[in-house]
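Chemist: Next comes the structure file protein-v4.tsv, holding TSV, C-alpha atoms.
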chain	number	residue	atom	x	y	z
A	1	SER	CA	56.16	45.68	-31.41
A	2	MET	CA	54.81	42.38	-32.68
A	3	LYS	CA	56.17	39.34	-30.83
A	4	LEU	CA	56.38	35.83	-32.21
A	5	PRO	CA	54.03	33.36	-30.46
A	6	TRP	CA	56.67	31.17	-28.76
A	7	ARG	CA	55.51	27.90	-27.21
A	8	SER	CA	56.01	27.32	-23.50
A	9	VAL	CA	56.26	23.52	-23.94
A	10	ILE	CA	58.09	21.98	-26.92
A	11	GLU	CA	58.39	18.30	-25.97
A	12	LEU	CA	57.11	15.93	-28.66
A	13	GLY	CA	53.81	14.18	-28.00
A	14	GLN	CA	53.47	10.43	-28.47
A	15	THR	CA	51.83	10.62	-31.90
A	16	GLU	CA	54.23	13.35	-33.02
A	17	SER	CA	57.21	11.29	-31.87
A	18	GLN	CA	55.99	8.21	-33.77
A	19	ILE	CA	55.49	10.24	-36.95
A	20	HIS	CA	59.02	11.60	-36.58
A	21	ASP	CA	60.32	8.03	-36.27
A	22	TRP	CA	58.59	6.99	-39.48
A	23	LEU	CA	59.78	10.16	-41.22
A	24	ARG	CA	63.42	9.47	-40.33
A	25	LEU	CA	63.10	5.87	-41.50
A	26	LEU	CA	61.61	6.94	-44.83
A	27	LEU	CA	64.36	9.53	-45.32
A	28	LEU	CA	66.99	6.91	-44.50
A	29	VAL	CA	65.51	4.43	-47.00
A	30	GLN	CA	65.51	7.14	-49.68
A	31	VAL	CA	69.20	7.87	-49.07
A	32	ILE	CA	70.40	4.25	-48.91
A	33	MET	CA	68.30	2.99	-51.83
A	34	GLY	CA	69.21	6.03	-53.92
A	35	HIS	CA	72.91	5.42	-53.37
A	36	ALA	CA	72.61	1.67	-54.02
A	37	LEU	CA	70.71	2.17	-57.26
A	38	ALA	CA	73.18	4.82	-58.45
A	39	LEU	CA	76.10	2.44	-57.79
A	40	PHE	CA	74.60	-0.77	-59.20
A	41	PHE	CA	72.19	0.33	-61.95
A	42	PRO	CA	72.70	2.24	-65.19
A	43	THR	CA	71.14	5.68	-65.45
A	44	ILE	CA	67.53	5.99	-66.62
A	45	PRO	CA	68.56	7.18	-70.15
A	46	GLU	CA	70.96	4.22	-70.39
A	47	MET	CA	68.22	1.76	-69.40
A	48	LEU	CA	65.76	3.34	-71.84
A	49	ALA	CA	68.33	2.95	-74.63
A	50	GLN	CA	68.70	-0.80	-74.02
A	51	ALA	CA	67.18	-3.23	-76.51
A	52	THR	CA	64.96	-4.50	-73.69
A	53	PRO	CA	64.46	-1.60	-71.26
A	54	ASN	CA	64.69	-2.49	-67.58
A	55	HIS	CA	61.28	-1.15	-66.55
A	56	LEU	CA	61.59	-2.22	-62.91
A	57	GLY	CA	65.02	-0.63	-62.65
A	58	ILE	CA	63.67	2.57	-64.20
A	59	ALA	CA	60.76	2.57	-61.72
A	60	LEU	CA	63.11	2.06	-58.77
A	61	ARG	CA	65.38	4.89	-59.86
A	62	LEU	CA	62.38	7.18	-60.26
A	63	VAL	CA	61.01	6.35	-56.80
A	64	PHE	CA	64.34	6.54	-54.95
A	65	ARG	CA	65.85	9.66	-56.50
A	66	PHE	CA	65.24	11.98	-53.55
A	67	GLY	CA	68.35	11.17	-51.52
A	68	ILE	CA	69.79	14.69	-51.59
A	69	GLN	CA	66.45	16.21	-50.57
A	70	SER	CA	66.27	13.65	-47.73
A	71	ALA	CA	69.74	14.75	-46.56
A	72	TYR	CA	68.61	18.39	-46.57
A	73	ILE	CA	65.55	17.44	-44.50
A	74	PHE	CA	67.85	15.62	-42.04
A	75	VAL	CA	69.62	18.98	-41.57
A	76	PHE	CA	66.27	20.64	-40.90
A	77	LEU	CA	65.35	17.93	-38.38
A	78	SER	CA	68.65	18.45	-36.58
A	79	GLY	CA	67.78	22.12	-36.24
A	80	TYR	CA	64.28	21.19	-35.09
A	81	MET	CA	65.48	18.81	-32.37
A	82	VAL	CA	68.79	20.26	-31.15
A	83	GLY	CA	68.59	23.88	-32.27
A	84	GLY	CA	64.93	24.01	-31.19
A	85	LYS	CA	65.81	22.85	-27.68
A	86	LEU	CA	68.68	25.34	-27.53
A	87	LEU	CA	66.49	28.23	-28.66
A	88	HIS	CA	63.84	27.24	-26.11
A	89	GLU	CA	66.43	27.36	-23.34
A	90	TYR	CA	67.63	30.76	-24.58
A	91	LEU	CA	64.09	32.15	-24.59
A	92	ASN	CA	63.59	30.88	-21.04
A	93	LYS	CA	66.98	32.27	-19.91
A	94	ASN	CA	68.17	28.77	-19.07
A	95	MET	CA	70.94	28.09	-21.57
A	96	PRO	CA	73.43	25.36	-20.71
A	97	LYS	CA	77.02	26.34	-20.02
A	98	PRO	CA	79.37	26.00	-23.01
A	99	MET	CA	81.16	22.95	-21.62
A	100	VAL	CA	77.88	21.22	-20.78
A	101	PHE	CA	76.53	21.76	-24.30
A	102	ALA	CA	79.84	20.73	-25.90
A	103	THR	CA	80.18	17.51	-23.90
A	104	SER	CA	76.53	16.66	-24.54
A	105	ARG	CA	77.00	17.00	-28.30
A	106	VAL	CA	80.38	15.25	-28.31
A	107	ALA	CA	78.84	12.29	-26.48
A	108	ARG	CA	76.21	12.06	-29.21
A	109	ILE	CA	78.20	12.85	-32.35
A	110	ALA	CA	81.66	11.40	-31.63
A	111	PRO	CA	80.54	7.71	-31.60
A	112	ILE	CA	78.78	8.18	-34.95
A	113	ALA	CA	81.78	9.89	-36.50
A	114	MET	CA	84.23	7.33	-35.09
A	115	MET	CA	82.17	4.40	-36.38
A	116	ALA	CA	81.82	6.00	-39.82
A	117	LEU	CA	85.51	6.87	-40.16
A	118	VAL	CA	86.73	3.45	-38.97
A	119	LEU	CA	84.41	1.64	-41.39
A	120	THR	CA	85.39	3.96	-44.23
A	121	ALA	CA	89.10	3.36	-43.56
A	122	THR	CA	88.47	-0.40	-43.41
A	123	PHE	CA	86.38	-0.84	-46.55
A	124	ASP	CA	88.12	1.80	-48.66
A	125	GLY	CA	91.49	0.46	-47.52
A	126	ALA	CA	90.49	-3.05	-48.57
A	127	GLY	CA	89.08	-1.90	-51.90
A	128	ILE	CA	92.09	0.25	-52.75
A	129	GLY	CA	94.98	-1.55	-51.05
A	130	ILE	CA	93.98	-5.23	-51.23
A	131	PHE	CA	91.72	-5.53	-54.28
A	132	MET	CA	93.49	-2.71	-56.17
A	133	ARG	CA	90.30	-1.09	-57.43
A	134	THR	CA	91.94	2.31	-57.64
A	135	ASP	CA	90.32	3.26	-60.96
A	136	PHE	CA	86.87	2.60	-59.51
A	137	TYR	CA	87.53	4.70	-56.39
A	138	ARG	CA	88.70	7.59	-58.56
A	139	HIS	CA	85.18	7.89	-60.00
A	140	VAL	CA	82.67	7.06	-57.25
A	141	LEU	CA	79.50	8.88	-58.32
A	142	ASN	CA	81.52	11.71	-59.91
A	143	SER	CA	83.85	12.18	-56.93
A	144	ASP	CA	87.48	11.15	-56.41
A	145	ALA	CA	87.37	8.94	-53.30
A	146	LEU	CA	91.00	7.95	-53.83
A	147	ALA	CA	92.23	11.54	-53.50
A	148	ALA	CA	90.07	12.00	-50.38
A	149	PHE	CA	91.52	8.84	-48.79
A	150	SER	CA	94.39	10.54	-46.97
A	151	VAL	CA	95.56	11.31	-43.45
A	152	PRO	CA	95.06	15.11	-43.70
A	153	VAL	CA	91.47	14.61	-44.88
A	154	LEU	CA	90.90	12.06	-42.10
A	155	ILE	CA	92.14	14.55	-39.49
A	156	GLY	CA	89.89	17.23	-40.99
A	157	ASN	CA	86.91	14.87	-40.69
A	158	ILE	CA	87.82	14.02	-37.08
A	159	LEU	CA	87.61	17.78	-36.42
A	160	PHE	CA	84.29	18.00	-38.35
A	161	LEU	CA	85.70	20.41	-40.92
A	162	GLU	CA	84.07	18.63	-43.88
A	163	PRO	CA	83.00	19.72	-46.43
A	164	THR	CA	83.67	23.39	-45.69
A	165	PHE	CA	87.46	23.09	-45.43
A	166	VAL	CA	88.25	19.49	-46.47
A	167	PRO	CA	86.30	16.89	-48.50
A	168	SER	CA	84.53	14.01	-46.82
A	169	PHE	CA	86.91	11.17	-46.01
A	170	GLY	CA	87.40	8.52	-48.70
A	171	SER	CA	84.26	7.30	-50.38
A	172	ASN	CA	82.02	8.41	-47.51
A	173	GLY	CA	80.48	11.42	-49.23
A	174	PRO	CA	77.44	11.52	-46.89
A	175	LEU	CA	79.73	12.68	-44.06
A	176	TRP	CA	79.28	16.22	-45.43
A	177	THR	CA	76.02	16.35	-43.49
A	178	LEU	CA	77.73	15.50	-40.20
A	179	GLY	CA	80.36	18.20	-40.69
A	180	TYR	CA	77.79	20.87	-41.48
A	181	ILE	CA	75.60	19.94	-38.52
A	182	VAL	CA	78.47	20.20	-36.02
A	183	GLN	CA	79.45	23.56	-37.52
A	184	PHE	CA	75.83	24.69	-37.12
A	185	TYR	CA	75.89	23.56	-33.47
A	186	VAL	CA	78.85	25.84	-32.86
A	187	PHE	CA	77.35	28.77	-34.75
A	188	GLY	CA	73.95	28.38	-33.08
A	189	PHE	CA	75.26	28.02	-29.54
A	190	VAL	CA	77.84	30.82	-29.78
A	191	SER	CA	75.29	33.19	-31.37
A	192	LEU	CA	72.62	32.55	-28.71
A	193	TYR	CA	75.12	32.55	-25.85
A	194	ALA	CA	76.52	35.89	-26.97
A	195	ALA	CA	73.04	37.28	-27.73
A	196	ARG	CA	72.28	37.24	-24.02
A	197	PHE	CA	74.37	40.42	-23.79
A	198	ARG	CA	72.06	42.22	-26.24
A	199	SER	CA	75.02	43.57	-28.18
A	200	ALA	CA	74.77	44.91	-31.72
A	201	MET	CA	78.22	43.44	-32.31
A	202	VAL	CA	76.78	39.95	-31.83
A	203	LEU	CA	74.20	40.54	-34.55
A	204	LEU	CA	76.77	42.06	-36.87
A	205	GLY	CA	79.16	39.17	-36.23
A	206	ALA	CA	76.51	36.55	-36.99
A	207	LEU	CA	75.45	38.39	-40.15
A	208	GLY	CA	79.10	38.75	-41.16
A	209	ILE	CA	79.71	35.02	-40.84
A	210	LEU	CA	76.53	34.30	-42.79
A	211	ALA	CA	77.53	36.76	-45.54
A	212	SER	CA	81.04	35.31	-45.73
A	213	GLY	CA	79.56	31.84	-46.02
A	214	ALA	CA	77.25	33.07	-48.80
A	215	VAL	CA	80.30	34.25	-50.75
A	216	PHE	CA	82.74	31.41	-50.14
A	217	CYS	CA	80.38	28.46	-49.51
A	218	PRO	CA	76.79	29.31	-50.50
A	219	GLU	CA	75.53	25.83	-49.63
A	220	TRP	CA	76.77	26.29	-46.04
A	221	SER	CA	74.79	29.52	-45.63
A	222	VAL	CA	71.61	28.13	-47.15
A	223	LEU	CA	71.70	24.99	-45.01
A	224	LEU	CA	72.50	27.04	-41.91
A	225	LEU	CA	69.30	28.98	-42.58
A	226	VAL	CA	67.48	25.66	-43.00
A	227	TRP	CA	68.89	24.49	-39.64
A	228	VAL	CA	67.89	27.76	-37.94
A	229	ALA	CA	64.44	27.52	-39.50
A	230	GLY	CA	64.04	24.11	-37.87
A	231	SER	CA	64.83	25.55	-34.45
A	232	VAL	CA	62.35	28.40	-34.95
A	233	VAL	CA	59.54	26.16	-36.22
A	234	ARG	CA	59.79	23.95	-33.12
A	235	ASN	CA	59.29	26.94	-30.85
A	236	LEU	CA	56.54	28.68	-32.80
A	237	GLY	CA	53.02	28.37	-31.50
A	238	LEU	CA	50.59	27.29	-34.21
A	239	PRO	CA	46.80	27.48	-34.37
A	240	VAL	CA	45.32	24.02	-33.91
A	241	GLY	CA	43.27	23.03	-36.92
A	242	ARG	CA	42.56	19.90	-38.88
A	243	TYR	CA	43.78	21.51	-42.06
A	244	LEU	CA	47.34	21.49	-40.68
A	245	SER	CA	47.35	17.69	-40.77
A	246	PHE	CA	47.45	18.00	-44.55
A	247	ALA	CA	50.81	19.72	-44.21
A	248	ILE	CA	52.55	16.31	-44.40
A	249	PRO	CA	51.41	15.42	-47.95
A	250	PHE	CA	52.06	19.03	-48.99
A	251	GLY	CA	55.57	18.69	-47.57
A	252	ILE	CA	56.12	15.51	-49.57
A	253	GLY	CA	54.96	17.35	-52.69
A	254	VAL	CA	57.40	20.19	-52.05
A	255	ALA	CA	60.25	17.66	-51.58
A	256	VAL	CA	59.36	16.04	-54.91
A	257	ALA	CA	59.33	19.44	-56.62
A	258	ALA	CA	62.68	20.31	-54.99
A	259	ASN	CA	64.25	17.38	-56.85
A	260	GLN	CA	63.88	19.33	-60.10
A	261	MET	CA	65.36	22.58	-58.76
A	262	PRO	CA	68.93	23.94	-58.84
A	263	PRO	CA	70.96	22.81	-55.78
A	264	LEU	CA	70.66	25.89	-53.55
A	265	LEU	CA	66.99	26.38	-54.30
A	266	SER	CA	66.46	22.65	-53.76
A	267	ALA	CA	68.07	22.92	-50.30
A	268	ALA	CA	65.81	25.83	-49.35
A	269	ALA	CA	62.71	24.09	-50.70
A	270	SER	CA	63.64	20.90	-48.83
A	271	GLY	CA	63.78	22.97	-45.63
A	272	LEU	CA	60.24	24.15	-46.38
A	273	ALA	CA	59.22	20.53	-46.99
A	274	GLY	CA	60.68	19.56	-43.60
A	275	ALA	CA	58.82	22.40	-41.91
A	276	LEU	CA	55.50	21.28	-43.43
A	277	MET	CA	56.13	17.68	-42.36
A	278	VAL	CA	56.91	18.50	-38.72
A	279	ILE	CA	53.97	20.91	-38.52
A	280	GLY	CA	51.73	18.15	-39.83
A	281	ALA	CA	53.22	15.71	-37.31
A	282	ARG	CA	52.61	18.13	-34.43
A	283	THR	CA	48.94	18.67	-35.30
A	284	SER	CA	48.06	15.19	-36.61
A	285	ARG	CA	45.18	13.37	-34.98
A	286	ILE	CA	45.90	10.18	-36.93
A	287	ARG	CA	47.98	7.69	-34.96
A	288	PRO	CA	50.53	6.00	-37.26
A	289	ILE	CA	51.15	2.26	-37.41
A	290	ASN	CA	53.20	1.13	-34.41
A	291	ARG	CA	56.79	0.94	-35.66
A	292	GLY	CA	57.89	-1.73	-33.15
A	293	GLU	CA	60.91	-1.70	-30.85
A	294	ILE	CA	63.54	-2.59	-33.47
A	295	LEU	CA	62.31	0.05	-35.90
A	296	ARG	CA	62.12	2.55	-33.03
A	297	ARG	CA	65.75	1.89	-32.14
A	298	LEU	CA	66.82	2.06	-35.79
A	299	SER	CA	64.92	5.31	-36.24
A	300	GLY	CA	66.52	6.76	-33.13
A	301	GLU	CA	69.95	5.91	-34.56
A	302	SER	CA	69.03	6.66	-38.18
A	303	PHE	CA	71.89	9.12	-38.53
A	304	THR	CA	74.38	6.37	-37.63
A	305	ALA	CA	73.01	4.23	-40.45
A	306	TYR	CA	73.14	7.28	-42.71
A	307	ALA	CA	76.80	7.87	-41.85
A	308	VAL	CA	78.12	4.30	-42.26
A	309	HIS	CA	76.24	2.78	-45.19
A	310	PHE	CA	78.00	4.27	-48.21
A	311	PRO	CA	81.54	2.80	-47.88
A	312	VAL	CA	79.97	-0.67	-47.64
A	313	LEU	CA	77.91	-0.17	-50.80
A	314	THR	CA	80.94	1.32	-52.57
A	315	PHE	CA	83.11	-1.66	-51.62
A	316	VAL	CA	80.56	-4.13	-53.01
A	317	ALA	CA	80.23	-2.05	-56.19
A	318	ALA	CA	84.03	-2.00	-56.54
A	319	LEU	CA	84.17	-5.80	-56.44
A	320	CYS	CA	81.36	-6.26	-58.97
A	321	PRO	CA	81.54	-3.17	-61.22
A	322	SER	CA	79.69	-4.82	-64.12
A	323	ARG	CA	76.09	-3.68	-64.38
A	324	SER	CA	74.98	-6.74	-66.35
A	325	GLU	CA	73.25	-8.19	-63.26
A	326	PRO	CA	72.16	-5.08	-61.34
A	327	PHE	CA	69.49	-6.79	-59.22
A	328	VAL	CA	71.95	-9.39	-57.95
A	329	ALA	CA	74.44	-6.65	-57.10
A	330	LEU	CA	71.67	-4.64	-55.42
A	331	VAL	CA	70.65	-7.56	-53.19
A	332	VAL	CA	74.26	-8.34	-52.29
A	333	GLY	CA	75.02	-4.67	-51.62
A	334	LEU	CA	71.95	-4.10	-49.43
A	335	GLY	CA	72.60	-7.38	-47.59
A	336	ALA	CA	76.19	-6.39	-46.85
A	337	CYS	CA	75.01	-2.94	-45.87
A	338	ALA	CA	72.51	-4.42	-43.38
A	339	ILE	CA	75.11	-6.82	-41.93
A	340	VAL	CA	77.45	-3.91	-41.21
A	341	THR	CA	74.95	-1.13	-40.46
A	342	VAL	CA	72.70	-2.81	-37.89
A	343	PRO	CA	75.55	-3.80	-35.50
A	344	SER	CA	77.08	-0.36	-36.05
A	345	VAL	CA	73.84	1.29	-34.96
A	346	PHE	CA	73.75	-0.64	-31.69
A	347	ALA	CA	77.51	-0.20	-31.14
A	348	ALA	CA	77.21	3.56	-31.62
A	349	ALA	CA	74.32	3.62	-29.15
A	350	ARG	CA	76.46	1.79	-26.56
A	351	LEU	CA	79.36	4.18	-27.15
A	352	ASP	CA	76.92	7.07	-26.81
A	353	ARG	CA	75.77	5.81	-23.39
A	354	ALA	CA	79.35	5.17	-22.29
A	355	ALA	CA	80.43	8.66	-23.35
A	356	ARG	CA	77.47	10.21	-21.52
A	357	SER	CA	78.33	8.32	-18.36
A	358	LEU	CA	81.94	9.46	-18.63
A	359	LEU	CA	81.18	13.08	-19.42
A	360	ALA	CA	78.05	13.24	-17.22
A	361	PRO	CA	76.29	15.98	-19.19
A	362	THR	CA	72.99	17.51	-18.27
A	363	PRO	CA	69.98	15.83	-19.94
A	364	SER	CA	68.73	19.19	-21.24
A	365	VAL	CA	70.04	18.71	-24.79
A	366	GLU	CA	68.18	16.18	-26.92
A	367	ARG	CA	69.68	13.18	-28.70
A	368	ALA	CA	69.08	13.97	-32.35
A	369	PRO	CA	72.20	14.65	-34.43
Show me the file's structure as structure tokens.
Modeler:
Amino acid sequence: SMKLPWRSVIELGQTESQIHDWLRLLLLVQVIMGHALALFFPTIPEMLAQATPNHLGIALRLVFRFGIQSAYIFVFLSGYMVGGKLLHEYLNKNMPKPMVFATSRVARIAPIAMMALVLTATFDGAGIGIFMRTDFYRHVLNSDALAAFSVPVLIGNILFLEPTFVPSFGSNGPLWTLGYIVQFYVFGFVSLYAARFRSAMVLLGALGILASGAVFCPEWSVLLLVWVAGSVVRNLGLPVGRYLSFAIPFGIGVAVAANQMPPLLSAAASGLAGALMVIGARTSRIRPINRGEILRRLSGESFTAYAVHFPVLTFVAALCPSRSEPFVALVVGLGACAIVTVPSVFAAARLDRAARSLLAPTPSVERAP
């Protein structure tokens, strides 16, 4: 029977690691700028209908409209880093024990989730309870943040049940990614751990869960496949050739095309885009510009910034809902976002280290969310 060409070594090389850092930063910028522009600027048709069209605003909204595709690629990268390491350990019959894997992931994810939920409670609470902007929070980018600002939803988010069983807490819609990723951790680990027994029931159980997800939550199933694809791509051996370096621009092109697709197809295409980008990063002979220590740290904690930025932007938008001066609101919103996000990134990193020291997990599982 034909066997897949699994790699014996999957650690990222220096150039590959630097390209991954830049990729995460670019994805993060797409998400944050896309959200900020959606909150502070009119839509493109609205700006085109103005007596004097806002050409710069239109250009910005065209450039930074790939936030959802960036989120899908973040899911793929999580599969590539964490699922890929897990699959490698399974293939080498060296899987961590359940408690070791769980504590390792808790030490990484819990500080991010705690920071995001505390900031969401703080800023949404101020916007709703102090400044009484309830009407605004009922319609935050077509979602009802007021209805999602409740104790049951908060508890569901603490348990990482969003968005499968509960909505994301308050205005922090981006937390859907965090919930899915933790659910994929559980599915991936349990499936591989049970697969060691070579039982047909394991395969049937995994397929049953996937089929149930396809019926009740199609997005969950599609993104699970994207996550699994990331883990497989990291372990696949690839022929070394210069032509593979062009996979990165091809991946960008696929991500751009995915923006015009229906949601589920867009998620699948974004997974393909992520695969092309990481393949290009692995085979690239072009060393990227040195990203510097601060950018390296920010890239390493990019998912923290992803998880905490939106309640800050929403709070600023709630206080200045008029779109008559969108550029002023954009600068204020991004400034407030930076003031809150950067300390949060470093605080989450400290909490991560403290949790690791307390739980003392094995270093076999990588840091990516």
Chemist: Neighbouring residues of stretch 109-113 of chain A were defined as those with any atom within 6 Å, considering all atoms listed in the file; residues of the same chain fewer than 3 positions away were excluded. Please report them as a PDB file with C-alpha atoms, keeping the file's coordinate frame.
Modeler:
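The result, written out as selection.pdb:
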ATOM      1  CA  ARG A 105      77.000  17.000 -28.300  1.00  0.00           C
ATOM      2  CA  VAL A 106      80.380  15.250 -28.310  1.00  0.00           C
ATOM      3  CA  ALA A 116      81.820   6.000 -39.820  1.00  0.00           C
ATOM      4  CA  THR A 304      74.380   6.370 -37.630  1.00  0.00           C
ATOM      5  CA  ALA A 348      77.210   3.560 -31.620  1.00  0.00           C
ATOM      6  CA  LEU A 351      79.360   4.180 -27.150  1.00  0.00           C
TER       7      LEU A 351
END
Chemist: A:Leu62, A:Met33, A:Ile128, A:Ile73: which is nearest A:Ala145, counting only C-alpha atoms?
Modeler: A:Ile128
Chemist: Can you pull out the residues contacting A:Leu358? Cut-off 12 Å, using all atoms listed in the file, and skip same-chain residues under 3 positions away; I want them as a list in words.
Modeler: Thr103, Ser104, Val106, Ala107, Leu351, Asp352, Arg353, Ala354, Ala355 and Pro361 of chain A
Chemist: Atom CA of A:Asp21 to atom CA of A:Leu77: how many Å, to one decimal?
Modeler: 11.3 Å
Chemist: Between atom CA of A:Ile252 and atom CA of A:Ala269, what distance in Å does the model show, to one decimal?
Modeler: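 According to the coordinates, atom CA of A:Ile252 and atom CA of A:Ala269 are separated by 10.9 Å.
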Chemist: Fewer than 3 positions away in the same chain doesn't count, so skip those; otherwise give me all residues within 7 Å of A:Ala267, counting all atoms listed in the file, as a PyMOL selection string.
Modeler: chain A and resi 69+72+223+263-264+270-271
Chemist: At what distance in Å, to one decimal, does atom CA of A:Ser266 lie from atom CA of A:Arg7?
Modeler: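 For atom CA of A:Arg7 relative to atom CA of A:Ser266, the distance reads 29.2 Å.
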Chemist: Looking at A:Gly173, A:Pro53, A:Gly179, A:Pro288, which one is nearest to A:Thr120, with distances taken over only C-alpha atoms?
Modeler: A:Gly173
Chemist: Looking at A:Phe101, A:Tyr306, A:Phe246, A:Phe64, which one is nearest to A:Gly83, with distances taken over only C-alpha atoms?
Modeler: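 Among A:Phe101, A:Tyr306, A:Phe246, A:Phe64, it is A:Phe101 that comes nearest to A:Gly83.
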Chemist: Which one of A:Trp227, A:Tyr180, A:Phe216, A:Trp6 sits closest to A:Pro239 if you count all atoms listed in the file?
Modeler: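 Checking each of A:Trp227, A:Tyr180, A:Phe216, A:Trp6 against A:Pro239, counting all atoms listed in the file, the winner is A:Trp6.
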Chemist: A:Phe66: which residues within 8 Å, counting only C-alpha atoms, same-chain residues fewer than 4 positions away excluded, as a list in words?
Modeler: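 With the cut-off at 8 Å, the set is Gln30, Val31, Gly34, Ser70, Ala255, Val256 and Asn259 of chain A.
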Chemist: For all heavy atoms, please extract stretch 90-96 of chain A from the block and return it as a PDB file, in the first residue's frame.
Modeler:
ATOM      1  N   TYR A  90       2.447  11.140  17.533  1.00  0.00           N
ATOM      2  CA  TYR A  90       1.676   9.918  17.310  1.00  0.00           C
ATOM      3  C   TYR A  90       2.413   8.995  16.332  1.00  0.00           C
ATOM      4  O   TYR A  90       2.533   7.774  16.579  1.00  0.00           O
ATOM      5  CB  TYR A  90       0.289  10.266  16.766  1.00  0.00           C
ATOM      6  CG  TYR A  90      -0.460   9.076  16.217  1.00  0.00           C
ATOM      7  CD1 TYR A  90      -1.100   8.181  17.072  1.00  0.00           C
ATOM      8  CD2 TYR A  90      -0.521   8.851  14.844  1.00  0.00           C
ATOM      9  CE1 TYR A  90      -1.780   7.083  16.567  1.00  0.00           C
ATOM     10  CE2 TYR A  90      -1.195   7.752  14.333  1.00  0.00           C
ATOM     11  CZ  TYR A  90      -1.822   6.871  15.195  1.00  0.00           C
ATOM     12  OH  TYR A  90      -2.483   5.775  14.687  1.00  0.00           O
ATOM     13  N   LEU A  91       2.901   9.556  15.248  1.00  0.00           N
ATOM     14  CA  LEU A  91       3.596   8.751  14.239  1.00  0.00           C
ATOM     15  C   LEU A  91       4.859   8.118  14.796  1.00  0.00           C
ATOM     16  O   LEU A  91       5.272   7.037  14.359  1.00  0.00           O
ATOM     17  CB  LEU A  91       3.935   9.620  13.021  1.00  0.00           C
ATOM     18  CG  LEU A  91       2.735  10.131  12.202  1.00  0.00           C
ATOM     19  CD1 LEU A  91       3.192  11.159  11.175  1.00  0.00           C
ATOM     20  CD2 LEU A  91       2.017   8.971  11.514  1.00  0.00           C
ATOM     21  N   ASN A  92       5.475   8.789  15.771  1.00  0.00           N
ATOM     22  CA  ASN A  92       6.698   8.265  16.380  1.00  0.00           C
ATOM     23  C   ASN A  92       6.423   7.520  17.692  1.00  0.00           C
ATOM     24  O   ASN A  92       7.351   7.241  18.458  1.00  0.00           O
ATOM     25  CB  ASN A  92       7.681   9.409  16.621  1.00  0.00           C
ATOM     26  CG  ASN A  92       8.294   9.922  15.338  1.00  0.00           C
ATOM     27  OD1 ASN A  92       9.251   9.367  14.823  1.00  0.00           O
ATOM     28  ND2 ASN A  92       7.708  10.985  14.786  1.00  0.00           N
ATOM     29  N   LYS A  93       5.133   7.212  17.914  1.00  0.00           N
ATOM     30  CA  LYS A  93       4.715   6.449  19.107  1.00  0.00           C
ATOM     31  C   LYS A  93       5.241   7.085  20.396  1.00  0.00           C
ATOM     32  O   LYS A  93       5.754   6.403  21.283  1.00  0.00           O
ATOM     33  CB  LYS A  93       5.187   4.996  18.996  1.00  0.00           C
ATOM     34  CG  LYS A  93       4.591   4.251  17.799  1.00  0.00           C
ATOM     35  CD  LYS A  93       5.097   2.829  17.719  1.00  0.00           C
ATOM     36  CE  LYS A  93       4.346   2.047  16.645  1.00  0.00           C
ATOM     37  NZ  LYS A  93       4.481   2.636  15.287  1.00  0.00           N
ATOM     38  N   ASN A  94       5.106   8.412  20.459  1.00  0.00           N
ATOM     39  CA  ASN A  94       5.616   9.157  21.612  1.00  0.00           C
ATOM     40  C   ASN A  94       4.612  10.215  22.065  1.00  0.00           C
ATOM     41  O   ASN A  94       4.980  11.320  22.433  1.00  0.00           O
ATOM     42  CB  ASN A  94       6.960   9.806  21.246  1.00  0.00           C
ATOM     43  CG  ASN A  94       7.654  10.418  22.447  1.00  0.00           C
ATOM     44  OD1 ASN A  94       7.542   9.903  23.563  1.00  0.00           O
ATOM     45  ND2 ASN A  94       8.349  11.526  22.229  1.00  0.00           N
ATOM     46  N   MET A  95       3.340   9.868  22.025  1.00  0.00           N
ATOM     47  CA  MET A  95       2.307  10.847  22.391  1.00  0.00           C
ATOM     48  C   MET A  95       2.380  11.192  23.867  1.00  0.00           C
ATOM     49  O   MET A  95       2.650  10.331  24.711  1.00  0.00           O
ATOM     50  CB  MET A  95       0.920  10.303  22.065  1.00  0.00           C
ATOM     51  CG  MET A  95       0.513  10.424  20.616  1.00  0.00           C
ATOM     52  SD  MET A  95      -1.258  10.104  20.412  1.00  0.00           S
ATOM     53  CE  MET A  95      -1.955  11.549  21.211  1.00  0.00           C
ATOM     54  N   PRO A  96       2.146  12.473  24.196  1.00  0.00           N
ATOM     55  CA  PRO A  96       2.095  12.838  25.624  1.00  0.00           C
ATOM     56  C   PRO A  96       0.880  12.223  26.300  1.00  0.00           C
ATOM     57  O   PRO A  96      -0.122  11.910  25.651  1.00  0.00           O
ATOM     58  CB  PRO A  96       1.993  14.373  25.575  1.00  0.00           C
ATOM     59  CG  PRO A  96       1.364  14.673  24.253  1.00  0.00           C
ATOM     60  CD  PRO A  96       1.887  13.621  23.318  1.00  0.00           C
TER      61      PRO A  96
END
